[in-house]
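K.L.:
This is the structure I have questions about; it appears just below.
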Amino acid sequence: MILDQFKLDGKSAIVTGAGRGLGQAAAIGFAEAGADVAVVDIISTDETAGRIKALGRRVCQIQANLLERAAVQQIVDATVRELGGIDILLNNAGIIRRAPVLEFTEKDWDEVIQINQSAVFFLSQAVARQMVKQGRGGKIINIASMLSFQGGIRVPSYTASKSAVMGLTRLLANELAPHKINVNAVAPGYMATDNTAPLRADAARSAEILARIPAGRWGVPEDLEGALVFLASRASDYVTGYTVAVDGGWLAR
């Protein structure tokens, strides 16, 4: 039955940035589909973990700072130890810094690139090594952005990092396909999360954004769950190297 292909029963997933927002919704969505989940964040993941446990799934809580390279192996080791392996990785954790390009600082450049780009690559690499060792393939999903397609303004390091995410998704898909590891990305549209709070607080800017979204509303984290479960499941076994926009029609306008 086709619906059975969307089930994640018996799978173990890692979700970074799972303490709130998009990552929390994704972790809960994976659990609802049947997966056990390692929830990773620098902030508390207690709320996310509690909701996953309430679904009868196992959860592994990992506090990690992705600005530190050592966090990568810590995440992999803890997940394998507590959940027995890794079948799904969602590279969701991300940060944004806003300032005009002529005033943008090295710190704001370096930290965004480290979390949004470097950590995505090195965690994907470490997880892929584990998946190859396990010999049963797997799914890696990255979180891209509308700014993977567009330039934006006042967010140079974010735009650079999210453009890199789309390119890395393709590269990883090419190299990992022989190991039956699919690599795809989801590009959220304008979502009502902490990252977009300054935009939503600016009445004029918010109105401009809403005027371009055919769906007529800001997205919410739960809007991503369907696409993420699809890309994590057997239903997407012949999909790799692709970035799916979940944007209410933003890119179509």
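Identifiers in the structure tokens: chain A, B, ... in order shown; residue index from 1 per chain; ligand index from 1 in order shown.
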Contacts between region 76-84 of chain A and region 5-67 of chain A, please, where a residue of region 5-67 of chain A counts if it comes within 12 Å (with only C-alpha atoms); show its shortest atom pair and distance in Å to one decimal, rows by chain and ascending number, as CSV.
P.N.:
residue,atom,partner,partner_atom,distance
A:Gly10,CA,A:Leu83,CA,10.1
A:Lys11,CA,A:Leu83,CA,9.1
A:Ser12,CA,A:Leu83,CA,6.5
A:Ala13,CA,A:Thr79,CA,8.5
A:Ile14,CA,A:Thr79,CA,7.5
A:Val15,CA,A:Thr79,CA,10.7
A:Thr16,CA,A:Val76,CA,11.5
A:Ala35,CA,A:Leu83,CA,10.3
A:Asp36,CA,A:Leu83,CA,7.2
A:Val37,CA,A:Leu83,CA,8.0
A:Ala38,CA,A:Thr79,CA,6.1
A:Val39,CA,A:Thr79,CA,9.3
A:Val40,CA,A:Thr79,CA,10.0
A:Arg57,CA,A:Leu83,CA,10.6
A:Arg58,CA,A:Leu83,CA,7.6
A:Val59,CA,A:Leu83,CA,7.9
A:Cys60,CA,A:Glu82,CA,6.5
A:Gln61,CA,A:Ala78,CA,8.8
A:Ile62,CA,A:Ala78,CA,7.5
A:Gln63,CA,A:Ala78,CA,10.5
A:Ala64,CA,A:Ala78,CA,11.0
K.L.:
Write out as a PyMOL selection string which residues come within 9 Å of Asn116 (chain A) when counting only C-alpha atoms, dropping same-chain ones fewer than 2 positions away.
P.N.:
chain A and resi 91-96+111-114+118-120+158+161-162+164-165
K.L.:
Just the residues within 8 Å of Ile181 (chain A), please, counting only C-alpha atoms, with nothing from its chain fewer than 5 positions along; format it as a PyMOL selection string.
P.N.:
chain A and resi 128+131+137-140+173+176
K.L.:
As an exercise, work out the distance from CA of Pro188 (chain A) to CA of Trp250 (chain A) in Å and give it to one decimal place.
P.N.:
9.9 Å
K.L.:
Could you give me, as a PyMOL selection string, the residues within 10 Å of Arg20 (chain A), counting only C-alpha atoms and dropping anything in the same chain fewer than 2 positions from it?
P.N.:
chain A and resi 17-18+22-27+41+43-45+47-48+193-194+221
K.L.:
I'd like the contact shell of Gly241 (chain A) - 12 Å cut-off, only C-alpha atoms, skipping same-chain residues fewer than 4 positions apart - returned as a compact mmCIF listing (two decimals) with C-alpha atoms, in the first residue's frame.
P.N.:
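To be explicit, this is the file written out as out.txt:
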# COMPACT_ATOMS: atom_id res chain seq x y z
CA LYS A 139 18.13 9.93 4.00
CA ILE A 140 19.85 13.30 4.53
CA ILE A 141 17.67 16.40 4.35
CA ASN A 142 18.98 19.96 4.47
CA VAL A 165 23.27 24.40 1.07
CA MET A 166 21.59 23.93 -2.31
CA GLY A 167 24.93 23.23 -3.98
CA LEU A 168 26.08 20.84 -1.25
CA THR A 169 22.78 19.00 -1.49
CA ARG A 170 23.50 18.27 -5.15
CA LEU A 171 27.14 17.33 -4.52
CA LEU A 172 26.31 14.99 -1.65
CA ALA A 173 23.50 13.42 -3.65
CA ASN A 174 25.90 12.64 -6.49
CA GLU A 175 28.58 11.09 -4.31
CA LEU A 176 26.38 9.21 -1.86
CA ALA A 177 23.90 7.70 -4.32
CA ILE A 181 21.82 7.52 0.58
CA ASN A 182 19.39 10.13 -0.76
CA VAL A 183 20.21 13.79 -0.14
CA ASN A 184 17.59 16.47 -0.68
CA ALA A 185 16.64 19.85 0.74
CA VAL A 186 13.52 21.75 1.68
CA LEU A 231 11.89 12.95 1.87
CA SER A 236 11.16 9.31 -2.02
CA ASP A 237 13.68 6.58 -2.84
K.L.:
Would you list, as JSON, numbers by chain, the residues of region 9-228 of chain A that end up in alpha helix (DSSP H) under DSSP run on this structure's backbone?
P.N.:
{"A": [21, 22, 23, 24, 25, 26, 27, 28, 29, 30, 31, 32, 46, 47, 48, 49, 50, 51, 52, 53, 54, 71, 72, 73, 74, 75, 76, 77, 78, 79, 80, 81, 82, 83, 106, 107, 108, 109, 110, 111, 112, 113, 119, 120, 121, 122, 123, 124, 125, 126, 127, 128, 129, 130, 131, 132, 133, 134, 156, 157, 158, 159, 160, 161, 162, 163, 164, 165, 166, 167, 168, 169, 170, 171, 172, 173, 174, 175, 176, 197, 198, 199, 200, 201, 203, 204, 205, 206, 207, 208, 209, 210, 211, 212, 225, 226, 227, 228]}
K.L.:
Can I get the selected residues back with C-alpha atoms, as a JSON list (two decimals), in the first residue's frame?
P.N.:
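Just written: selection28.json:
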[["chain", "number", "residue", "atom", "x", "y", "z"],
["A", 21, "GLY", "CA", 10.28, 26.30, 15.53],
["A", 22, "LEU", "CA", 10.84, 24.32, 12.35],
["A", 23, "GLY", "CA", 13.11, 21.77, 14.03],
["A", 24, "GLN", "CA", 10.63, 21.02, 16.77],
["A", 25, "ALA", "CA", 7.81, 20.52, 14.26],
["A", 26, "ALA", "CA", 10.03, 18.27, 12.13],
["A", 27, "ALA", "CA", 11.11, 16.12, 15.07],
["A", 28, "ILE", "CA", 7.50, 15.63, 16.15],
["A", 29, "GLY", "CA", 6.45, 14.92, 12.56],
["A", 30, "PHE", "CA", 9.09, 12.21, 12.24],
["A", 31, "ALA", "CA", 7.93, 10.69, 15.54],
["A", 32, "GLU", "CA", 4.29, 10.77, 14.41],
["A", 46, "ASP", "CA", 12.65, 19.21, 26.99],
["A", 47, "GLU", "CA", 9.37, 20.30, 25.40],
["A", 48, "THR", "CA", 10.17, 18.57, 22.11],
["A", 49, "ALA", "CA", 11.34, 15.41, 23.89],
["A", 50, "GLY", "CA", 8.22, 15.31, 26.02],
["A", 51, "ARG", "CA", 5.95, 15.47, 22.99],
["A", 52, "ILE", "CA", 7.90, 12.71, 21.25],
["A", 53, "LYS", "CA", 7.76, 10.46, 24.31],
["A", 54, "ALA", "CA", 4.00, 11.04, 24.49],
["A", 71, "ALA", "CA", 29.95, 18.67, 18.37],
["A", 72, "VAL", "CA", 29.59, 16.72, 15.12],
["A", 73, "GLN", "CA", 31.05, 13.44, 16.37],
["A", 74, "GLN", "CA", 29.37, 13.95, 19.74],
["A", 75, "ILE", "CA", 25.99, 14.00, 18.01],
["A", 76, "VAL", "CA", 26.70, 10.90, 15.93],
["A", 77, "ASP", "CA", 28.13, 8.89, 18.82],
["A", 78, "ALA", "CA", 25.27, 9.73, 21.19],
["A", 79, "THR", "CA", 22.62, 8.84, 18.61],
["A", 80, "VAL", "CA", 24.20, 5.50, 17.74],
["A", 81, "ARG", "CA", 24.68, 4.68, 21.41],
["A", 82, "GLU", "CA", 21.12, 5.50, 22.46],
["A", 83, "LEU", "CA", 19.07, 4.73, 19.34],
["A", 106, "GLU", "CA", 33.54, 39.29, 10.39],
["A", 107, "LYS", "CA", 31.92, 37.74, 13.46],
["A", 108, "ASP", "CA", 28.47, 37.81, 11.87],
["A", 109, "TRP", "CA", 29.92, 36.32, 8.69],
["A", 110, "ASP", "CA", 31.93, 33.56, 10.38],
["A", 111, "GLU", "CA", 29.26, 32.36, 12.83],
["A", 112, "VAL", "CA", 26.52, 32.10, 10.20],
["A", 113, "ILE", "CA", 28.79, 30.28, 7.75],
["A", 119, "ALA", "CA", 28.23, 22.20, 10.22],
["A", 120, "VAL", "CA", 25.82, 20.99, 7.53],
["A", 121, "PHE", "CA", 28.68, 19.52, 5.53],
["A", 122, "PHE", "CA", 30.63, 17.97, 8.39],
["A", 123, "LEU", "CA", 27.57, 16.51, 10.12],
["A", 124, "SER", "CA", 26.36, 15.11, 6.79],
["A", 125, "GLN", "CA", 29.82, 13.61, 6.24],
["A", 126, "ALA", "CA", 29.92, 12.00, 9.69],
["A", 127, "VAL", "CA", 26.38, 10.65, 9.39],
["A", 128, "ALA", "CA", 27.04, 9.36, 5.88],
["A", 129, "ARG", "CA", 30.06, 7.44, 7.17],
["A", 130, "GLN", "CA", 27.82, 5.83, 9.79],
["A", 131, "MET", "CA", 25.17, 5.03, 7.18],
["A", 132, "VAL", "CA", 27.76, 3.41, 4.91],
["A", 133, "LYS", "CA", 29.01, 1.37, 7.86],
["A", 134, "GLN", "CA", 25.45, 0.22, 8.60],
["A", 156, "PRO", "CA", 25.02, 38.46, 3.12],
["A", 157, "SER", "CA", 26.28, 35.51, 5.16],
["A", 158, "TYR", "CA", 22.83, 33.92, 5.32],
["A", 159, "THR", "CA", 22.39, 34.19, 1.56],
["A", 160, "ALA", "CA", 25.88, 32.79, 0.95],
["A", 161, "SER", "CA", 25.28, 29.87, 3.33],
["A", 162, "LYS", "CA", 21.85, 28.96, 2.00],
["A", 163, "SER", "CA", 23.09, 29.12, -1.60],
["A", 164, "ALA", "CA", 25.83, 26.74, -0.50],
["A", 165, "VAL", "CA", 23.27, 24.40, 1.07],
["A", 166, "MET", "CA", 21.59, 23.93, -2.31],
["A", 167, "GLY", "CA", 24.93, 23.23, -3.98],
["A", 168, "LEU", "CA", 26.08, 20.84, -1.25],
["A", 169, "THR", "CA", 22.78, 19.00, -1.49],
["A", 170, "ARG", "CA", 23.50, 18.27, -5.15],
["A", 171, "LEU", "CA", 27.14, 17.33, -4.52],
["A", 172, "LEU", "CA", 26.31, 14.99, -1.65],
["A", 173, "ALA", "CA", 23.50, 13.42, -3.65],
["A", 174, "ASN", "CA", 25.90, 12.64, -6.49],
["A", 175, "GLU", "CA", 28.58, 11.09, -4.31],
["A", 176, "LEU", "CA", 26.38, 9.21, -1.86],
["A", 197, "ALA", "CA", 10.23, 38.09, 13.95],
["A", 198, "PRO", "CA", 11.89, 41.39, 12.90],
["A", 199, "LEU", "CA", 10.22, 41.20, 9.49],
["A", 200, "ARG", "CA", 6.80, 40.45, 10.92],
["A", 201, "ALA", "CA", 7.21, 43.30, 13.42],
["A", 203, "ALA", "CA", 4.28, 46.45, 9.34],
["A", 204, "ALA", "CA", 5.33, 47.79, 5.94],
["A", 205, "ARG", "CA", 7.79, 44.96, 5.22],
["A", 206, "SER", "CA", 5.35, 42.32, 6.42],
["A", 207, "ALA", "CA", 2.66, 43.71, 4.12],
["A", 208, "GLU", "CA", 5.08, 43.62, 1.17],
["A", 209, "ILE", "CA", 5.91, 39.99, 1.85],
["A", 210, "LEU", "CA", 2.29, 38.91, 2.27],
["A", 211, "ALA", "CA", 1.32, 40.68, -0.94],
["A", 212, "ARG", "CA", 3.67, 38.40, -2.89],
["A", 225, "GLU", "CA", 6.06, 18.21, 8.02],
["A", 226, "GLY", "CA", 4.57, 16.55, 4.94],
["A", 227, "ALA", "CA", 7.51, 17.34, 2.66],
["A", 228, "LEU", "CA", 10.03, 16.30, 5.32]]
K.L.:
What residues in region 144-241 of chain A get the DSSP label strand (DSSP E or B)? Please answer as an MDAnalysis selection string.
P.N.:
chainID A and resid 181:188 191 219
K.L.:
Record the distance separating CA of Gln117 (chain A) and CA of Asp87 (chain A), expressed in Å with one decimal.
P.N.:
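Computing the Euclidean distance for CA of Gln117 (chain A) and CA of Asp87 (chain A) yields 21.4 Å.
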K.L.:
Leaving out region 1-3 of chain A and any residue of its chain fewer than 5 positions from it, which residues lie within 12 Å of it when counting only C-alpha atoms, given as a ChimeraX atom specification?
P.N.:
/A:8,33,229-230,233-236
K.L.:
With C-alpha atoms retained, write the just-selected residues as a compact mmCIF listing (two decimals), in the first residue's frame.
P.N.:
# COMPACT_ATOMS: atom_id res chain seq x y z
CA LEU A 8 9.15 5.70 9.39
CA ALA A 33 5.40 8.85 11.31
CA VAL A 229 8.35 12.97 6.07
CA PHE A 230 8.15 12.28 2.33
CA SER A 233 10.64 7.87 3.79
CA ARG A 234 10.76 5.09 1.19
CA ALA A 235 8.28 7.09 -0.86
CA SER A 236 11.16 9.31 -2.02
K.L.:
Which value, in Å to one decimal, gives the distance between CA of Gly85 (chain A) and CA of Asp223 (chain A)?
P.N.:
27.9 Å
